[in-house]
Amino acid sequence: MTTAPQHTLEIRNLHVTVETPEGVKEILKGVDLTIRSGETHAIMGPNGSGKSTLAYSIAGHPKYTITEGSVTLDGEDVLEMSVDERAKAGLFLAMQYPVEVPGVSVSNFLRTAKTAIDGEAPKLRTWVKDVRGAMENLRMDPAFGERGVNEGFSGGEKKRHEILQMELLQPKIAILDETDSGLDVDALRIVSEGVNRAKETTGLGVMLITHYTRILGYIKPDYVHVFVNGRVAEEGGPELADRLEAEGYDRYLADA
Amino acid sequence: MRELAPLFADEPAAGHLAWTTSELPAGVSLTQVSEDDARTRTVRAPGDRASAVAVKHAGGAMALTFAANTVVDEPITIDLEGTGGDVRGHLLIEVGTSAEATVVITRTGTARYSELVSVDLADNASLNLVLIQQWDADAIHAGEVLARLGRDARLRGTVATLGGKVVRLNTSAAFAGEGASVDLFGLYFADSGQHQEHQLFVDHAVPHCTSRVTYKGALAGATARSVWIGDVLIRAAAEGTDTYELNRNLVLTDGARADSVPNLEIETGEIAGAGHASATGRFDEEQMFYLRSRGISEDQARKLVVRGFFADLIREIGVPAVESSLLNQIDSELAHVEEVIEHE
């Protein structure tokens, strides 16, 4: 993809707090990360290390307060943008627990989102074809379109629906928050194919947050970042994932 | 409820609603009946003061009658427009044996209106009755719908209350024969200054009848109020009864208040099922975040969520023109909500 435009998501010294019943707690303690088009960054780490907080902070979830640092997309200040402006700027978050929106059909939701992102309604004929094709690729039944958003979906259906949105909305940078969690291997393969397709066709940059190394057999990371206690504890190439597979996170936790 | 007081006054009222009625096909008639006739043809005595006053002072009733075996495909529409003042109304809807019909009654304009609607379904009759309260902002309305269902009769009743200052619309359905069923749906949207009240009573007096009550409301604005009371009585003789009632309220802004009181009284253990559910919740911020994270703006996301909240209910109405009109009205209600939120 030499002709694909280059985009850069830059996270600098990001500090994030959250309100808990015990008071304000700092979850992210100075995160530095740069993701460019076409790159895949695996973020690995133990439970509670702040991986999901990083994902949701970038997407703008109101629960999190940024106390220090910056996030920019192609130099634009992401933290100044509202949640929907971030999506329009080209960010996408595939959620670990996608939310049910009863009574809103998948097809209506997809068309509304696409219209919002593009600033104009998609041409009906090509759009219907695109949706059908994307659903076929993800082995989703066409009847899916008439169901309520995530309403009564199985875990695997929810994750496929997230990837379906990603493929149709064509973001510049996608954050996949534990998209592999709870998937059996067939669903994992289907979902991974979707991510790889998006990388090939649009030069998508990917932040792949995962708890397990298995998905890295299907989506090859260019970089691996080990996330411990709210910051990046170690960085390396794909070989770092192999080492984590063999040794686990104990080595980092002892230091923390 | 000081505003309701004029509707309780035991005295005649001079005002009228202007009637506009769709063309009536063969087997259907709309006639004026005398006070005495109106009283004997009403399915039972009024259950509250406002409807009792309405019956006493309406000067007779209008009777919409479907002859036995008449099947009307197109909905019969009755538009009632208030032009101010006190109005007493008494309406009879009588559906003969094995007749089937849909009746849509829409109230607009303004009035201080008390009414009784008597619904009499003969054996095996089927009625889809839609009552739309689309009043101007200063209208006061206290109404009671009394329904009696003969053997194997089916009543599907929908109430949509959007306009008016104070609207109290109570529905009471009683089974007079076995094998009958009622589905009572309601949707309401209360803004600041609006009080909307719906009390329901389903009387299972005979065996093997089914009832479903599903009411959903949205509230926006500091002084928006809604009251829902759902009573179901399963009498000792009513073996094989199957009943479920549900009320859900979506509170869109601070200060709005929704009261929700389900009651179930069961005098026999030999029933097929009985249950109720009531939930009143704040607007779900996680749903908003999810939609907005896909680029959808805040007001559009809110619109999607609220439309979605009402969607299954509206789909049950089965009259496409009414369904799309109600969705549009919900959108315009939401446009007001935007203003309220911006002022907060």
# chains A, B, ... in the order shown; residues from 1 in each chain; ligands from 1
>>> closest_atom_pairs(of="chain B", to="chain A", cutoff="12 Å", atoms="only C-alpha atoms", output="tab-separated table")
residue	atom	partner	partner_atom	distance
B:Phe283	CA	A:Val101	CA	11.7
B:Asp284	CA	A:Val101	CA	9.4
B:Glu285	CA	A:Pro62	CA	9.0
B:Glu286	CA	A:Val99	CA	6.8
B:Gln287	CA	A:Val99	CA	6.0
B:Met288	CA	A:Val101	CA	9.1
B:Phe289	CA	A:His61	CA	6.7
B:Tyr290	CA	A:Val99	CA	6.4
B:Leu291	CA	A:Ala113	CA	7.9
B:Arg292	CA	A:Asp84	CA	4.6
B:Ser293	CA	A:Asp84	CA	5.4
B:Arg294	CA	A:Ala113	CA	5.6
B:Gly295	CA	A:Asp84	CA	4.1
B:Ile296	CA	A:Ala113	CA	5.6
B:Ser297	CA	A:Asp84	CA	5.8
B:Glu298	CA	A:Asp84	CA	7.7
B:Asp299	CA	A:Asp84	CA	11.0
B:Gln300	CA	A:Thr112	CA	8.9
B:Ala301	CA	A:Thr112	CA	9.4
B:Arg302	CA	A:Val101	CA	11.0
B:Lys303	CA	A:Val104	CA	10.2
B:Leu304	CA	A:Val104	CA	6.6
B:Val305	CA	A:Val101	CA	6.7
B:Val306	CA	A:Gly103	CA	8.9
B:Arg307	CA	A:Gly103	CA	7.3
B:Gly308	CA	A:Gly103	CA	3.8
B:Phe309	CA	A:Gly103	CA	6.0
B:Phe310	CA	A:Gly103	CA	7.5
B:Ala311	CA	A:Gly103	CA	5.5
B:Asp312	CA	A:Gly103	CA	6.5
B:Leu313	CA	A:Gly103	CA	9.7
B:Ile314	CA	A:Gly103	CA	10.5
B:Arg315	CA	A:Gly103	CA	10.3
>>> write_last_selection(atoms="N, CA and C atoms", output="mmCIF file, in the first residue's frame")
data_model
loop_
_atom_site.group_PDB
_atom_site.id
_atom_site.type_symbol
_atom_site.label_atom_id
_atom_site.label_comp_id
_atom_site.auth_asym_id
_atom_site.auth_seq_id
_atom_site.Cartn_x
_atom_site.Cartn_y
_atom_site.Cartn_z
ATOM 1 N N PHE B 283 -31.474 7.836 31.350
ATOM 2 C CA PHE B 283 -30.947 7.613 30.018
ATOM 3 C C PHE B 283 -29.611 6.889 30.110
ATOM 4 N N ASP B 284 -29.392 5.892 29.285
ATOM 5 C CA ASP B 284 -28.207 5.054 29.391
ATOM 6 C C ASP B 284 -27.002 5.703 28.699
ATOM 7 N N GLU B 285 -26.064 6.172 29.495
ATOM 8 C CA GLU B 285 -24.890 6.865 28.946
ATOM 9 C C GLU B 285 -23.997 5.919 28.132
ATOM 10 N N GLU B 286 -24.022 4.628 28.479
ATOM 11 C CA GLU B 286 -23.183 3.687 27.724
ATOM 12 C C GLU B 286 -23.718 3.505 26.299
ATOM 13 N N GLN B 287 -25.048 3.523 26.171
ATOM 14 C CA GLN B 287 -25.611 3.463 24.821
ATOM 15 C C GLN B 287 -25.210 4.694 24.025
ATOM 16 N N MET B 288 -25.266 5.840 24.679
ATOM 17 C CA MET B 288 -24.884 7.088 23.995
ATOM 18 C C MET B 288 -23.425 7.030 23.557
ATOM 19 N N PHE B 289 -22.564 6.571 24.453
ATOM 20 C CA PHE B 289 -21.141 6.507 24.117
ATOM 21 C C PHE B 289 -20.915 5.571 22.935
ATOM 22 N N TYR B 290 -21.600 4.445 22.977
ATOM 23 C CA TYR B 290 -21.417 3.475 21.895
ATOM 24 C C TYR B 290 -21.787 4.085 20.544
ATOM 25 N N LEU B 291 -22.943 4.722 20.486
ATOM 26 C CA LEU B 291 -23.395 5.313 19.219
ATOM 27 C C LEU B 291 -22.485 6.462 18.794
ATOM 28 N N ARG B 292 -22.108 7.302 19.755
ATOM 29 C CA ARG B 292 -21.273 8.456 19.406
ATOM 30 C C ARG B 292 -19.875 8.032 18.984
ATOM 31 N N SER B 293 -19.401 6.912 19.536
ATOM 32 C CA SER B 293 -18.070 6.437 19.139
ATOM 33 C C SER B 293 -18.069 5.956 17.695
ATOM 34 N N ARG B 294 -19.269 5.886 17.097
ATOM 35 C CA ARG B 294 -19.372 5.541 15.661
ATOM 36 C C ARG B 294 -19.652 6.794 14.839
ATOM 37 N N GLY B 295 -19.416 7.949 15.422
ATOM 38 C CA GLY B 295 -19.542 9.182 14.655
ATOM 39 C C GLY B 295 -20.909 9.833 14.733
ATOM 40 N N ILE B 296 -21.858 9.186 15.397
ATOM 41 C CA ILE B 296 -23.224 9.697 15.438
ATOM 42 C C ILE B 296 -23.299 10.821 16.486
ATOM 43 N N SER B 297 -23.868 11.953 16.109
ATOM 44 C CA SER B 297 -23.890 13.120 16.999
ATOM 45 C C SER B 297 -24.770 12.842 18.216
ATOM 46 N N GLU B 298 -24.582 13.671 19.248
ATOM 47 C CA GLU B 298 -25.293 13.447 20.498
ATOM 48 C C GLU B 298 -26.813 13.471 20.307
ATOM 49 N N ASP B 299 -27.321 14.487 19.603
ATOM 50 C CA ASP B 299 -28.791 14.559 19.490
ATOM 51 C C ASP B 299 -29.339 13.441 18.620
ATOM 52 N N GLN B 300 -28.554 13.062 17.615
ATOM 53 C CA GLN B 300 -29.032 11.959 16.782
ATOM 54 C C GLN B 300 -28.980 10.625 17.538
ATOM 55 N N ALA B 301 -27.952 10.471 18.370
ATOM 56 C CA ALA B 301 -27.844 9.253 19.177
ATOM 57 C C ALA B 301 -29.025 9.159 20.139
ATOM 58 N N ARG B 302 -29.368 10.301 20.751
ATOM 59 C CA ARG B 302 -30.497 10.307 21.679
ATOM 60 C C ARG B 302 -31.782 9.924 20.948
ATOM 61 N N LYS B 303 -31.915 10.467 19.747
ATOM 62 C CA LYS B 303 -33.088 10.162 18.938
ATOM 63 C C LYS B 303 -33.173 8.648 18.657
ATOM 64 N N LEU B 304 -32.046 8.082 18.295
ATOM 65 C CA LEU B 304 -32.036 6.639 18.003
ATOM 66 C C LEU B 304 -32.436 5.835 19.231
ATOM 67 N N VAL B 305 -31.882 6.199 20.393
ATOM 68 C CA VAL B 305 -32.151 5.428 21.606
ATOM 69 C C VAL B 305 -33.627 5.530 21.995
ATOM 70 N N VAL B 306 -34.181 6.749 21.928
ATOM 71 C CA VAL B 306 -35.574 6.917 22.345
ATOM 72 C C VAL B 306 -36.522 6.276 21.335
ATOM 73 N N ARG B 307 -36.221 6.458 20.050
ATOM 74 C CA ARG B 307 -37.029 5.772 19.029
ATOM 75 C C ARG B 307 -36.973 4.263 19.250
ATOM 76 N N GLY B 308 -35.773 3.784 19.553
ATOM 77 C CA GLY B 308 -35.598 2.346 19.803
ATOM 78 C C GLY B 308 -36.392 1.887 21.007
ATOM 79 N N PHE B 309 -36.427 2.728 22.030
ATOM 80 C CA PHE B 309 -37.164 2.421 23.258
ATOM 81 C C PHE B 309 -38.648 2.192 22.949
ATOM 82 N N PHE B 310 -39.189 3.027 22.060
ATOM 83 C CA PHE B 310 -40.617 2.934 21.738
ATOM 84 C C PHE B 310 -40.904 2.016 20.541
ATOM 85 N N ALA B 311 -39.844 1.614 19.825
ATOM 86 C CA ALA B 311 -40.056 0.995 18.508
ATOM 87 C C ALA B 311 -40.930 -0.256 18.559
ATOM 88 N N ASP B 312 -40.649 -1.169 19.502
ATOM 89 C CA ASP B 312 -41.403 -2.427 19.503
ATOM 90 C C ASP B 312 -42.880 -2.156 19.804
ATOM 91 N N LEU B 313 -43.112 -1.175 20.674
ATOM 92 C CA LEU B 313 -44.481 -0.807 21.024
ATOM 93 C C LEU B 313 -45.224 -0.242 19.810
ATOM 94 N N ILE B 314 -44.573 0.663 19.114
ATOM 95 C CA ILE B 314 -45.208 1.322 17.976
ATOM 96 C C ILE B 314 -45.498 0.313 16.864
ATOM 97 N N ARG B 315 -44.574 -0.630 16.699
ATOM 98 C CA ARG B 315 -44.787 -1.653 15.665
ATOM 99 C C ARG B 315 -46.035 -2.486 15.938
#
>>> select_by_dssp(residues="range 113-282 of chain B", states="strand (DSSP E)", output="number ranges by chain")
B: 113-121, 126-133, 140-149, 154-161, 166-175, 181-190, 195-204, 210-219, 225-234, 242-251, 257-266, 273-282
>>> atom_distance(atom1="CA of Ala237 in chain B", atom2="CA of His208 in chain B")
9.9 Å
>>> closest_residue(among="B:Gly47, B:Gly164, B:Gly275, B:Gly318", to="Val130 in chain B", atoms="only C-alpha atoms")
B:Gly318
>>> residues_around(residues="Leu252 in chain B", least_positions_apart="5", cutoff="9 Å", atoms="only C-alpha atoms", output="NGL selection string")
:B and (218-221 or 281-283 or 337)
>>> write_last_selection(atoms="N, CA and C atoms", output="PDB file, in the first residue's frame")
ATOM      1  N   ALA B 218     -41.517   8.252  28.258  1.00  0.00           N
ATOM      2  CA  ALA B 218     -40.288   9.033  28.369  1.00  0.00           C
ATOM      3  C   ALA B 218     -40.653  10.357  29.034  1.00  0.00           C
ATOM      4  N   LEU B 219     -39.737  10.865  29.853  1.00  0.00           N
ATOM      5  CA  LEU B 219     -39.984  12.121  30.555  1.00  0.00           C
ATOM      6  C   LEU B 219     -38.788  13.034  30.391  1.00  0.00           C
ATOM      7  N   ALA B 220     -39.095  14.304  30.133  1.00  0.00           N
ATOM      8  CA  ALA B 220     -38.016  15.281  29.979  1.00  0.00           C
ATOM      9  C   ALA B 220     -38.466  16.609  30.568  1.00  0.00           C
ATOM     10  N   GLY B 221     -37.600  17.231  31.347  1.00  0.00           N
ATOM     11  CA  GLY B 221     -37.944  18.527  31.931  1.00  0.00           C
ATOM     12  C   GLY B 221     -38.231  18.384  33.408  1.00  0.00           C
ATOM     13  N   GLY B 281     -35.705   4.189  34.569  1.00  0.00           N
ATOM     14  CA  GLY B 281     -34.264   4.375  34.548  1.00  0.00           C
ATOM     15  C   GLY B 281     -33.854   5.670  33.881  1.00  0.00           C
ATOM     16  N   ARG B 282     -32.656   6.110  34.217  1.00  0.00           N
ATOM     17  CA  ARG B 282     -32.070   7.245  33.548  1.00  0.00           C
ATOM     18  C   ARG B 282     -31.646   6.833  32.156  1.00  0.00           C
ATOM     19  N   PHE B 283     -31.474   7.836  31.350  1.00  0.00           N
ATOM     20  CA  PHE B 283     -30.947   7.613  30.018  1.00  0.00           C
ATOM     21  C   PHE B 283     -29.611   6.889  30.110  1.00  0.00           C
ATOM     22  N   VAL B 337     -36.545  18.405  23.861  1.00  0.00           N
ATOM     23  CA  VAL B 337     -35.591  17.946  24.878  1.00  0.00           C
ATOM     24  C   VAL B 337     -34.229  18.586  24.650  1.00  0.00           C
TER      25      VAL B 337
END
>>> residues_around(residues="Thr70 in chain B", least_positions_apart="2", cutoff="8 Å", atoms="only C-alpha atoms", output="PDB file with N, CA and C atoms, in the first residue's frame")
ATOM      1  N   GLY B  27     -72.198  -1.814   6.949  1.00  0.00           N
ATOM      2  CA  GLY B  27     -72.141  -2.571   8.204  1.00  0.00           C
ATOM      3  C   GLY B  27     -71.643  -1.753   9.373  1.00  0.00           C
ATOM      4  N   VAL B  28     -71.248  -0.497   9.084  1.00  0.00           N
ATOM      5  CA  VAL B  28     -70.736   0.368  10.148  1.00  0.00           C
ATOM      6  C   VAL B  28     -71.613   1.606  10.219  1.00  0.00           C
ATOM      7  N   PHE B  66     -70.591  -1.760  14.700  1.00  0.00           N
ATOM      8  CA  PHE B  66     -70.195  -2.680  13.630  1.00  0.00           C
ATOM      9  C   PHE B  66     -71.133  -3.877  13.682  1.00  0.00           C
ATOM     10  N   ALA B  67     -71.856  -4.097  12.589  1.00  0.00           N
ATOM     11  CA  ALA B  67     -72.788  -5.216  12.546  1.00  0.00           C
ATOM     12  C   ALA B  67     -72.025  -6.543  12.599  1.00  0.00           C
ATOM     13  N   ALA B  68     -72.715  -7.572  13.066  1.00  0.00           N
ATOM     14  CA  ALA B  68     -72.091  -8.895  13.160  1.00  0.00           C
ATOM     15  C   ALA B  68     -71.478  -9.300  11.820  1.00  0.00           C
ATOM     16  N   VAL B  72     -63.841  -4.922   8.488  1.00  0.00           N
ATOM     17  CA  VAL B  72     -63.404  -3.666   7.873  1.00  0.00           C
ATOM     18  C   VAL B  72     -61.881  -3.667   7.827  1.00  0.00           C
ATOM     19  N   GLY B  96     -70.034  -6.222  16.717  1.00  0.00           N
ATOM     20  CA  GLY B  96     -70.906  -7.394  16.735  1.00  0.00           C
ATOM     21  C   GLY B  96     -70.136  -8.701  16.613  1.00  0.00           C
ATOM     22  N   SER B  98     -68.198 -11.754  15.691  1.00  0.00           N
ATOM     23  CA  SER B  98     -67.241 -12.075  14.613  1.00  0.00           C
ATOM     24  C   SER B  98     -66.914 -10.901  13.687  1.00  0.00           C
ATOM     25  N   ALA B  99     -67.269  -9.697  14.105  1.00  0.00           N
ATOM     26  CA  ALA B  99     -66.869  -8.528  13.314  1.00  0.00           C
ATOM     27  C   ALA B  99     -65.423  -8.158  13.658  1.00  0.00           C
ATOM     28  N   GLU B 100     -64.736  -7.506  12.703  1.00  0.00           N
ATOM     29  CA  GLU B 100     -63.347  -7.093  12.934  1.00  0.00           C
ATOM     30  C   GLU B 100     -63.148  -5.675  12.442  1.00  0.00           C
TER      31      GLU B 100
END
>>> atom_distance(atom1="CA of Val251 in chain B", atom2="CA of Ser192 in chain B")
12.0 Å
>>> atom_distance(atom1="CA of Ala52 in chain B", atom2="CA of Ala147 in chain B")
15.5 Å
>>> select_by_dssp(residues="range 17-161 of chain B", states="alpha helix (DSSP H)", output="list in words")
Glu35, Asp36, Asp37, Ala38, Arg39, Thr40, Arg41, Arg49, Ala50, Ser51, Ala52, Val53, Ala54, Val55, Lys56 and His57 of chain B
>>> residues_around(residues="Arg197 in chain A", least_positions_apart="6", cutoff="10 Å", atoms="only C-alpha atoms", output="VMD selection string")
chain A and resid 137 167 191 203 to 204
>>> residues_around(residues="Val16 in chain A", least_positions_apart="5", cutoff="10 Å", atoms="only C-alpha atoms", output="list in words")
Lys25, Glu26, Ile27, Leu28, Lys29, Gly30, Val31, Gly50, Thr53, Leu54, Ser57, Tyr64, Thr65, Ile66, Thr67, Glu68, Gly69 and Gly230 of chain A
>>> write_last_selection(atoms="C-alpha atoms", output="mmCIF file, in the first residue's frame")
data_model
loop_
_atom_site.group_PDB
_atom_site.id
_atom_site.type_symbol
_atom_site.label_atom_id
_atom_site.label_comp_id
_atom_site.auth_asym_id
_atom_site.auth_seq_id
_atom_site.Cartn_x
_atom_site.Cartn_y
_atom_site.Cartn_z
ATOM 1 C CA LYS A 25 -7.375 6.772 41.240
ATOM 2 C CA GLU A 26 -4.670 7.229 38.629
ATOM 3 C CA ILE A 27 -4.827 4.397 36.098
ATOM 4 C CA LEU A 28 -2.515 5.589 33.330
ATOM 5 C CA LYS A 29 0.786 6.950 34.521
ATOM 6 C CA GLY A 30 2.535 8.392 31.503
ATOM 7 C CA VAL A 31 1.862 6.395 28.326
ATOM 8 C CA GLY A 50 -4.809 -0.074 32.270
ATOM 9 C CA THR A 53 -8.510 2.572 30.119
ATOM 10 C CA LEU A 54 -6.071 3.546 27.369
ATOM 11 C CA SER A 57 -9.580 7.390 27.050
ATOM 12 C CA TYR A 64 -12.051 8.960 32.411
ATOM 13 C CA THR A 65 -10.284 12.227 33.156
ATOM 14 C CA ILE A 66 -7.099 13.141 31.344
ATOM 15 C CA THR A 67 -4.844 14.919 33.821
ATOM 16 C CA GLU A 68 -1.706 15.231 31.752
ATOM 17 C CA GLY A 69 -0.289 14.505 28.323
ATOM 18 C CA GLY A 230 -0.423 2.128 33.787
#
>>> decode(residues="range 157-220 of chain A", atoms="C-alpha atoms", output="short mmCIF file (atom, residue, chain, number, x, y, z; two decimals), in the first residue's frame")
data_model
loop_
_atom_site.label_atom_id
_atom_site.label_comp_id
_atom_site.auth_asym_id
_atom_site.auth_seq_id
_atom_site.Cartn_x
_atom_site.Cartn_y
_atom_site.Cartn_z
CA GLU A 157 -21.70 -12.18 17.09
CA LYS A 158 -20.94 -9.02 19.03
CA LYS A 159 -17.26 -9.16 18.07
CA ARG A 160 -18.03 -9.84 14.43
CA HIS A 161 -20.45 -6.93 14.47
CA GLU A 162 -17.65 -4.69 15.79
CA ILE A 163 -15.36 -5.74 12.96
CA LEU A 164 -18.20 -5.31 10.46
CA GLN A 165 -18.53 -1.69 11.57
CA MET A 166 -14.79 -1.20 11.33
CA GLU A 167 -14.68 -2.52 7.77
CA LEU A 168 -17.61 -0.37 6.66
CA LEU A 169 -16.63 2.85 8.43
CA GLN A 170 -13.01 2.62 7.24
CA PRO A 171 -11.22 4.40 10.08
CA LYS A 172 -7.59 5.49 9.91
CA ILE A 173 -6.62 3.98 13.24
CA ALA A 174 -8.52 1.21 15.02
CA ILE A 175 -8.21 0.22 18.64
CA LEU A 176 -9.29 -3.36 19.23
CA ASP A 177 -9.98 -3.89 22.91
CA GLU A 178 -9.71 -7.61 23.61
CA THR A 179 -11.60 -8.43 20.46
CA ASP A 180 -10.23 -11.98 20.79
CA SER A 181 -11.45 -12.58 24.35
CA GLY A 182 -14.01 -15.34 24.62
CA LEU A 183 -13.86 -16.32 20.95
CA ASP A 184 -13.47 -19.88 19.82
CA VAL A 185 -10.83 -20.45 17.18
CA ASP A 186 -13.18 -20.37 14.19
CA ALA A 187 -14.62 -17.01 15.19
CA LEU A 188 -11.14 -15.75 16.01
CA ARG A 189 -9.99 -16.61 12.49
CA ILE A 190 -12.99 -14.87 10.90
CA VAL A 191 -12.51 -11.74 12.97
CA SER A 192 -8.75 -11.70 12.29
CA GLU A 193 -9.37 -12.00 8.55
CA GLY A 194 -11.54 -8.91 8.81
CA VAL A 195 -8.76 -6.94 10.50
CA ASN A 196 -6.22 -8.10 7.94
CA ARG A 197 -8.58 -7.16 5.10
CA ALA A 198 -8.93 -3.66 6.50
CA LYS A 199 -5.16 -3.36 6.80
CA GLU A 200 -4.69 -4.40 3.18
CA THR A 201 -7.44 -2.35 1.62
CA THR A 202 -7.26 0.88 3.64
CA GLY A 203 -3.80 0.78 5.26
CA LEU A 204 -5.44 0.72 8.69
CA GLY A 205 -3.20 1.27 11.70
CA VAL A 206 -4.11 -1.09 14.54
CA MET A 207 -3.75 -0.98 18.30
CA LEU A 208 -4.45 -4.56 19.25
CA ILE A 209 -5.13 -4.87 22.96
CA THR A 210 -5.08 -8.46 24.04
CA HIS A 211 -4.69 -10.66 27.04
CA TYR A 212 -3.67 -13.72 25.06
CA THR A 213 -0.99 -14.36 22.46
CA ARG A 214 -3.20 -16.61 20.34
CA ILE A 215 -4.58 -13.81 18.15
CA LEU A 216 -1.02 -12.82 17.21
CA GLY A 217 -0.87 -16.02 15.17
CA TYR A 218 -3.58 -14.52 12.95
CA ILE A 219 -2.81 -10.82 13.08
CA LYS A 220 0.94 -10.29 12.87
#
